[in-house]
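To start, the structure itself, in structure tokens.
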Amino acid sequence: MVPISLYFHIPFCAAKCAYCDFASYPNREGEWARYFHALWAELESWKGALAGYEAVTLFFGGGTPTLVDAGYIAETVGRARALLPFAGDVEITMEGNPGTLAPDKLEACRRAGVNRLSLGAQSFDDGLLRSLGRIHTARQIGEAVALAREAGFVNLNLDLMYALPGQDMEKWRDTLERAVALGVEHLSAYSLIVEEGTPMAARVASGEAVVPGDDAVNAMQREAVARLAAAGYGRYEISNYARPGFECRHNRVYWERGEYLGLGCAAHSLFGGCRFANPDGLEAYLAGGRREGFQRLGRRDAMEETLMLSTRMTRGLDLAGWRRAFGEDFARGREDALARLEKAGYAEVRDGFFRLTARGLEVQNAVVVELMEE
Ligand code: SF4
């Protein structure tokens, strides 16, 4: 059986956060049924192509999958299961917002097979949560974790954000402490990206909001690495930390360039050596738009992607895997760049892997560019 991962995009939210440029829409309850029927039809359309495949992970992302009726999620899992076999240890993740959970909803999703819950906590500072446009308070994050535990979830993630306007080191430390104190299995710590066209970008442009400088942002990231390591969370990717055995398998498929199908609006796929994506907009998706920007990956594309994605992980790039995939040594033609990076303390080769050091991960993009230019 060939392993595959399935991603389902659920583009509905209770409200739009100030920094968000994802495909997510508030106040569209009237479209939920139509959307899920389109999603199920899209899933069905893959039936022939999925012969011989086995689903190793499913991921409901958004948007806010915990906003919609649990029946939609359960039906989607059931339809996927009818289409292709699931691995015995299949990981099924659902993203959620702490302001949209209810015991019956969580229990229904758990019964349907969802076994990992990823909650957008972002901060434990109510003032920062308000300025981000989040619909929940810090207290509700703790309540959400308790609800999830009661519903039987033993694999929980909290997403956290740093580099926020108005956030200093003290507030960031407090958020890290309170997240750790909840005892979740996995934590993601993302730096705010000010996306063009969002209310946050307008605030930053007008001077109403001031994002911390590079030095402060790097210090916050280092604080996360140190604090979470001390609490038993291993950093396994630039922004992701887990207790042993709780690394997100779905996201690892992306970083290791495994095959995945993205279903729903704005969902991306890597399948049969090709990348393609559904249209970003809900209307375009509901109007039947599918599989756009079709790109068959050549050797150079695959090399670039392998380098870019594998060096995000602390495990690094598998040198034997590179040789198998591309028929040459990774070091070939890169001797000078590798020597420079090792000397500068940005990278190392150890136990058959090329990996970036903590310093190297802070400048990962620049390192990759340097290695591709050789
Ligand atoms: S909850 Fe997430 S997807 Fe929805 S608007 Fe906020 S950041 Fe965007």
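Residue numbers start at 1 in each chain; chains themselves are named A, B, ... in the order of the structure tokens; ligands are numbered from 1 in the order shown.
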
Step by step, measure atom-to-atom distances between ligand 1 and each residue using only C-alpha atoms and all ligand atoms, keep those at most 6 Å, then write them as an NGL selection string.
:A and (13 or 15-17 or 20 or 22 or 24 or 62-64)

Atoms kept (N, CA and C atoms) for selection, written as a CSV table (one decimal), in the first residue's frame:
```csv
chain,number,residue,atom,x,y,z
A,13,CYS,N,-15.3,30.6,9.8
A,13,CYS,CA,-14.8,31.1,11.1
A,13,CYS,C,-15.9,31.9,11.8
A,15,ALA,N,-15.4,34.7,13.4
A,15,ALA,CA,-15.0,36.1,13.1
A,15,ALA,C,-13.7,36.1,12.4
A,16,LYS,N,-13.3,37.2,11.7
A,16,LYS,CA,-12.0,37.2,11.0
A,16,LYS,C,-11.0,37.9,11.9
A,17,CYS,N,-9.9,37.2,12.2
A,17,CYS,CA,-8.9,37.8,13.0
A,17,CYS,C,-8.1,38.9,12.3
A,20,CYS,N,-5.2,37.7,9.8
A,20,CYS,CA,-5.5,36.5,9.0
A,20,CYS,C,-5.7,36.8,7.5
A,22,PHE,N,-5.8,33.8,5.6
A,22,PHE,CA,-6.2,32.4,5.1
A,22,PHE,C,-7.6,32.5,4.4
A,24,SER,N,-10.8,32.0,4.9
A,24,SER,CA,-11.7,31.8,6.0
A,24,SER,C,-12.8,32.9,6.0
A,62,GLY,N,-8.2,25.0,8.7
A,62,GLY,CA,-9.1,26.0,8.3
A,62,GLY,C,-8.5,27.4,8.3
A,63,GLY,N,-9.4,28.4,8.5
A,63,GLY,CA,-10.8,28.2,9.0
A,63,GLY,C,-10.8,27.6,10.4
A,64,THR,N,-12.0,27.3,10.8
A,64,THR,CA,-12.3,26.7,12.2
A,64,THR,C,-13.1,25.5,12.1
```

For Ser239 of chain A, work out the shell of residues within 8 Å, counting only C-alpha atoms and skipping chain neighbours fewer than 3 positions away, then give it as a count of residues only.
4

Which residues of segment 178-281 of chain A sit at most 12 Å from segment 167-171 of chain A, using only C-alpha atoms? Give each one's shortest atom pair and distance in Å (one decimal place), in chain and ascending residue order, as a Markdown table.
```
| residue | atom | partner | partner_atom | distance |
| --- | --- | --- | --- | --- |
| A:Arg178 | CA | A:Lys171 | CA | 10.6 |
| A:Ser191 | CA | A:Gln167 | CA | 11.6 |
| A:Leu192 | CA | A:Gln167 | CA | 11.1 |
| A:Ala209 | CA | A:Gln167 | CA | 10.8 |
| A:Val210 | CA | A:Gln167 | CA | 9.7 |
| A:Val211 | CA | A:Gln167 | CA | 8.4 |
| A:Pro212 | CA | A:Gln167 | CA | 7.7 |
| A:Gly213 | CA | A:Asp168 | CA | 10.9 |
| A:Asp215 | CA | A:Met169 | CA | 11.5 |
| A:Ala216 | CA | A:Met169 | CA | 7.9 |
| A:Val217 | CA | A:Met169 | CA | 9.2 |
| A:Asn218 | CA | A:Met169 | CA | 10.9 |
| A:Ala219 | CA | A:Met169 | CA | 8.1 |
| A:Met220 | CA | A:Met169 | CA | 6.5 |
| A:Gln221 | CA | A:Met169 | CA | 10.2 |
| A:Arg222 | CA | A:Met169 | CA | 10.9 |
| A:Glu223 | CA | A:Met169 | CA | 8.5 |
| A:Ala224 | CA | A:Met169 | CA | 10.5 |
```

Selection near segment 250-265 of chain A, 6 Å with only C-alpha atoms, sequence-local residues under 4 positions removed, as a count of residues only:
18

Could you write out, as a ChimeraX atom specification, all the residues of segment 172-248 of chain A that DSSP marks as strand (DSSP E)?
/A:186-191,234-237,240-242

Skipping near chain neighbours, those fewer than 6 positions away, what residues fall within 7 Å of segment 124-135 of chain A using only C-alpha atoms, listed as a list in words?
Cys17, Ala18, Tyr19, Gly99 and Thr175 of chain A

Nearest to Glu335 of chain A: which of A:Leu371, A:Ala33, A:Leu119, A:Val145 is it, counting only C-alpha atoms?
A:Leu371

Can you pull out every residue within 12 Å of Leu158 of chain A, counting only C-alpha atoms, but drop anything in the same chain fewer than 6 positions away, and send it as a PDB file with N, CA and C atoms, in the first residue's frame?
```
ATOM      1  N   MET A  94      -7.850  17.649  13.976  1.00  0.00           N
ATOM      2  CA  MET A  94      -8.832  18.702  13.701  1.00  0.00           C
ATOM      3  C   MET A  94      -8.336  19.983  14.373  1.00  0.00           C
ATOM      4  N   GLU A  95      -8.282  21.063  13.587  1.00  0.00           N
ATOM      5  CA  GLU A  95      -7.936  22.357  14.179  1.00  0.00           C
ATOM      6  C   GLU A  95      -9.183  22.941  14.819  1.00  0.00           C
ATOM      7  N   GLY A  96      -8.969  23.773  15.836  1.00  0.00           N
ATOM      8  CA  GLY A  96     -10.134  24.369  16.472  1.00  0.00           C
ATOM      9  C   GLY A  96      -9.804  25.652  17.183  1.00  0.00           C
ATOM     10  N   ASN A  97     -10.846  26.375  17.478  1.00  0.00           N
ATOM     11  CA  ASN A  97     -10.721  27.639  18.202  1.00  0.00           C
ATOM     12  C   ASN A  97     -11.298  27.435  19.601  1.00  0.00           C
ATOM     13  N   PRO A  98     -10.551  27.819  20.638  1.00  0.00           N
ATOM     14  CA  PRO A  98     -11.043  27.582  22.005  1.00  0.00           C
ATOM     15  C   PRO A  98     -12.417  28.213  22.273  1.00  0.00           C
ATOM     16  N   ARG A 116      -6.570  13.779  17.301  1.00  0.00           N
ATOM     17  CA  ARG A 116      -5.610  14.842  17.633  1.00  0.00           C
ATOM     18  C   ARG A 116      -6.323  16.176  17.454  1.00  0.00           C
ATOM     19  N   LEU A 117      -6.203  17.032  18.451  1.00  0.00           N
ATOM     20  CA  LEU A 117      -6.869  18.331  18.389  1.00  0.00           C
ATOM     21  C   LEU A 117      -5.810  19.418  18.470  1.00  0.00           C
ATOM     22  N   SER A 118      -5.890  20.362  17.535  1.00  0.00           N
ATOM     23  CA  SER A 118      -4.903  21.445  17.486  1.00  0.00           C
ATOM     24  C   SER A 118      -5.639  22.763  17.707  1.00  0.00           C
ATOM     25  N   LEU A 119      -5.383  23.396  18.852  1.00  0.00           N
ATOM     26  CA  LEU A 119      -6.153  24.587  19.221  1.00  0.00           C
ATOM     27  C   LEU A 119      -5.355  25.864  18.972  1.00  0.00           C
ATOM     28  N   GLY A 120      -5.985  26.834  18.345  1.00  0.00           N
ATOM     29  CA  GLY A 120      -5.355  28.144  18.133  1.00  0.00           C
ATOM     30  C   GLY A 120      -5.463  28.955  19.416  1.00  0.00           C
ATOM     31  N   ALA A 121      -4.429  28.842  20.267  1.00  0.00           N
ATOM     32  CA  ALA A 121      -4.442  29.599  21.536  1.00  0.00           C
ATOM     33  C   ALA A 121      -3.880  30.996  21.293  1.00  0.00           C
ATOM     34  N   GLN A 122      -2.762  31.045  20.644  1.00  0.00           N
ATOM     35  CA  GLN A 122      -2.011  32.256  20.232  1.00  0.00           C
ATOM     36  C   GLN A 122      -1.366  33.004  21.395  1.00  0.00           C
ATOM     37  N   SER A 123      -2.123  33.349  22.435  1.00  0.00           N
ATOM     38  CA  SER A 123      -1.518  34.081  23.558  1.00  0.00           C
ATOM     39  C   SER A 123      -2.357  33.843  24.808  1.00  0.00           C
ATOM     40  N   PHE A 124      -1.726  34.018  25.965  1.00  0.00           N
ATOM     41  CA  PHE A 124      -2.481  33.944  27.222  1.00  0.00           C
ATOM     42  C   PHE A 124      -2.644  35.345  27.814  1.00  0.00           C
ATOM     43  N   ILE A 141      -8.889  29.100  26.971  1.00  0.00           N
ATOM     44  CA  ILE A 141      -7.919  28.124  26.441  1.00  0.00           C
ATOM     45  C   ILE A 141      -7.802  26.953  27.432  1.00  0.00           C
ATOM     46  N   GLY A 142      -7.661  27.295  28.712  1.00  0.00           N
ATOM     47  CA  GLY A 142      -7.587  26.244  29.739  1.00  0.00           C
ATOM     48  C   GLY A 142      -8.864  25.411  29.771  1.00  0.00           C
ATOM     49  N   ALA A 144     -10.856  24.905  27.275  1.00  0.00           N
ATOM     50  CA  ALA A 144     -10.900  24.092  26.051  1.00  0.00           C
ATOM     51  C   ALA A 144     -10.048  22.835  26.211  1.00  0.00           C
ATOM     52  N   VAL A 145      -8.874  22.990  26.811  1.00  0.00           N
ATOM     53  CA  VAL A 145      -8.008  21.826  27.030  1.00  0.00           C
ATOM     54  C   VAL A 145      -8.715  20.835  27.968  1.00  0.00           C
ATOM     55  N   ALA A 148     -11.387  19.031  26.061  1.00  0.00           N
ATOM     56  CA  ALA A 148     -10.802  18.047  25.130  1.00  0.00           C
ATOM     57  C   ALA A 148     -10.366  16.799  25.890  1.00  0.00           C
ATOM     58  N   THR A 175       3.112  33.477  28.457  1.00  0.00           N
ATOM     59  CA  THR A 175       2.345  32.608  27.553  1.00  0.00           C
ATOM     60  C   THR A 175       2.973  31.220  27.483  1.00  0.00           C
ATOM     61  N   LEU A 176       4.298  31.169  27.364  1.00  0.00           N
ATOM     62  CA  LEU A 176       4.974  29.860  27.312  1.00  0.00           C
ATOM     63  C   LEU A 176       4.728  29.073  28.598  1.00  0.00           C
ATOM     64  N   ARG A 178       2.277  29.327  30.781  1.00  0.00           N
ATOM     65  CA  ARG A 178       0.888  28.887  30.953  1.00  0.00           C
ATOM     66  C   ARG A 178       0.519  27.774  29.974  1.00  0.00           C
ATOM     67  N   ALA A 179       1.120  27.812  28.792  1.00  0.00           N
ATOM     68  CA  ALA A 179       0.884  26.724  27.827  1.00  0.00           C
ATOM     69  C   ALA A 179       1.489  25.429  28.366  1.00  0.00           C
ATOM     70  N   VAL A 180       2.724  25.513  28.863  1.00  0.00           N
ATOM     71  CA  VAL A 180       3.398  24.327  29.414  1.00  0.00           C
ATOM     72  C   VAL A 180       2.597  23.774  30.592  1.00  0.00           C
ATOM     73  N   ALA A 181       2.080  24.676  31.418  1.00  0.00           N
ATOM     74  CA  ALA A 181       1.361  24.249  32.625  1.00  0.00           C
ATOM     75  C   ALA A 181       0.105  23.445  32.276  1.00  0.00           C
ATOM     76  N   LEU A 182      -0.424  23.639  31.068  1.00  0.00           N
ATOM     77  CA  LEU A 182      -1.626  22.881  30.675  1.00  0.00           C
ATOM     78  C   LEU A 182      -1.289  21.433  30.300  1.00  0.00           C
ATOM     79  N   GLY A 183      -0.002  21.148  30.136  1.00  0.00           N
ATOM     80  CA  GLY A 183       0.417  19.747  29.940  1.00  0.00           C
ATOM     81  C   GLY A 183       0.057  19.154  28.588  1.00  0.00           C
ATOM     82  N   VAL A 184      -0.078  20.004  27.560  1.00  0.00           N
ATOM     83  CA  VAL A 184      -0.399  19.458  26.230  1.00  0.00           C
ATOM     84  C   VAL A 184       0.816  18.714  25.667  1.00  0.00           C
ATOM     85  N   GLU A 185       0.573  17.901  24.629  1.00  0.00           N
ATOM     86  CA  GLU A 185       1.627  17.050  24.095  1.00  0.00           C
ATOM     87  C   GLU A 185       2.494  17.762  23.062  1.00  0.00           C
ATOM     88  N   HIS A 186       1.956  18.838  22.473  1.00  0.00           N
ATOM     89  CA  HIS A 186       2.628  19.471  21.329  1.00  0.00           C
ATOM     90  C   HIS A 186       2.378  20.973  21.386  1.00  0.00           C
ATOM     91  N   LEU A 187       3.410  21.739  21.027  1.00  0.00           N
ATOM     92  CA  LEU A 187       3.248  23.197  20.967  1.00  0.00           C
ATOM     93  C   LEU A 187       3.855  23.708  19.663  1.00  0.00           C
ATOM     94  N   SER A 188       3.159  24.637  19.012  1.00  0.00           N
ATOM     95  CA  SER A 188       3.713  25.316  17.840  1.00  0.00           C
ATOM     96  C   SER A 188       3.878  26.779  18.212  1.00  0.00           C
ATOM     97  N   ALA A 189       5.017  27.355  17.858  1.00  0.00           N
ATOM     98  CA  ALA A 189       5.265  28.766  18.174  1.00  0.00           C
ATOM     99  C   ALA A 189       5.623  29.489  16.882  1.00  0.00           C
ATOM    100  N   TYR A 190       4.688  30.312  16.397  1.00  0.00           N
ATOM    101  CA  TYR A 190       4.873  30.990  15.115  1.00  0.00           C
ATOM    102  C   TYR A 190       5.103  32.478  15.322  1.00  0.00           C
ATOM    103  N   SER A 239       9.313  25.677  13.932  1.00  0.00           N
ATOM    104  CA  SER A 239       8.273  26.250  14.793  1.00  0.00           C
ATOM    105  C   SER A 239       7.532  25.218  15.639  1.00  0.00           C
ATOM    106  N   ASN A 240       8.009  23.974  15.658  1.00  0.00           N
ATOM    107  CA  ASN A 240       7.216  22.914  16.301  1.00  0.00           C
ATOM    108  C   ASN A 240       8.004  22.123  17.342  1.00  0.00           C
ATOM    109  N   TYR A 241       7.313  21.836  18.446  1.00  0.00           N
ATOM    110  CA  TYR A 241       7.911  21.214  19.621  1.00  0.00           C
ATOM    111  C   TYR A 241       6.948  20.130  20.122  1.00  0.00           C
ATOM    112  N   ALA A 242       7.542  19.000  20.515  1.00  0.00           N
ATOM    113  CA  ALA A 242       6.649  17.913  20.951  1.00  0.00           C
ATOM    114  C   ALA A 242       7.287  17.081  22.047  1.00  0.00           C
TER     115      ALA A 242
END
```

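With only C-alpha atoms taken into account, the protein and nucleic acid residues at most 8 Å from segment 150-152 of chain A (excluding it and anything under 4 positions from it in its own chain) are A:Pro103, A:Leu106, A:Glu107, A:Arg110, A:Ala146.
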
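Going from atom CA of Ala80 of chain A to atom CA of Arg291 of chain A covers 19.0 Å.
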
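As for atom CA of Trp32 of chain A and atom CA of Cys109 of chain A, they are spaced 17.0 Å apart.
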
Nearest candidate to Ala287 of chain A (options A:Ala38, A:Leu361, A:Gly316, A:Ala347; using only C-alpha atoms)
A:Ala38

Would you kindly return, as a PyMOL selection string, each protein, DNA or RNA residue with an atom no farther than 12 Å from any atom of segment 83-87 of chain A, considering only C-alpha atoms and excluding same-chain residues fewer than 5 positions away?
chain A and resi 1-6+40-58+76-78+92+113

Can you pull out every residue from segment 93-316 of chain A that DSSP, working from the backbone, puts in alpha helix (DSSP H), and format the result as a count of residues only?
91

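Atom CA of Pro11 of chain A is found 15.3 Å from atom CA of Gly289 of chain A.
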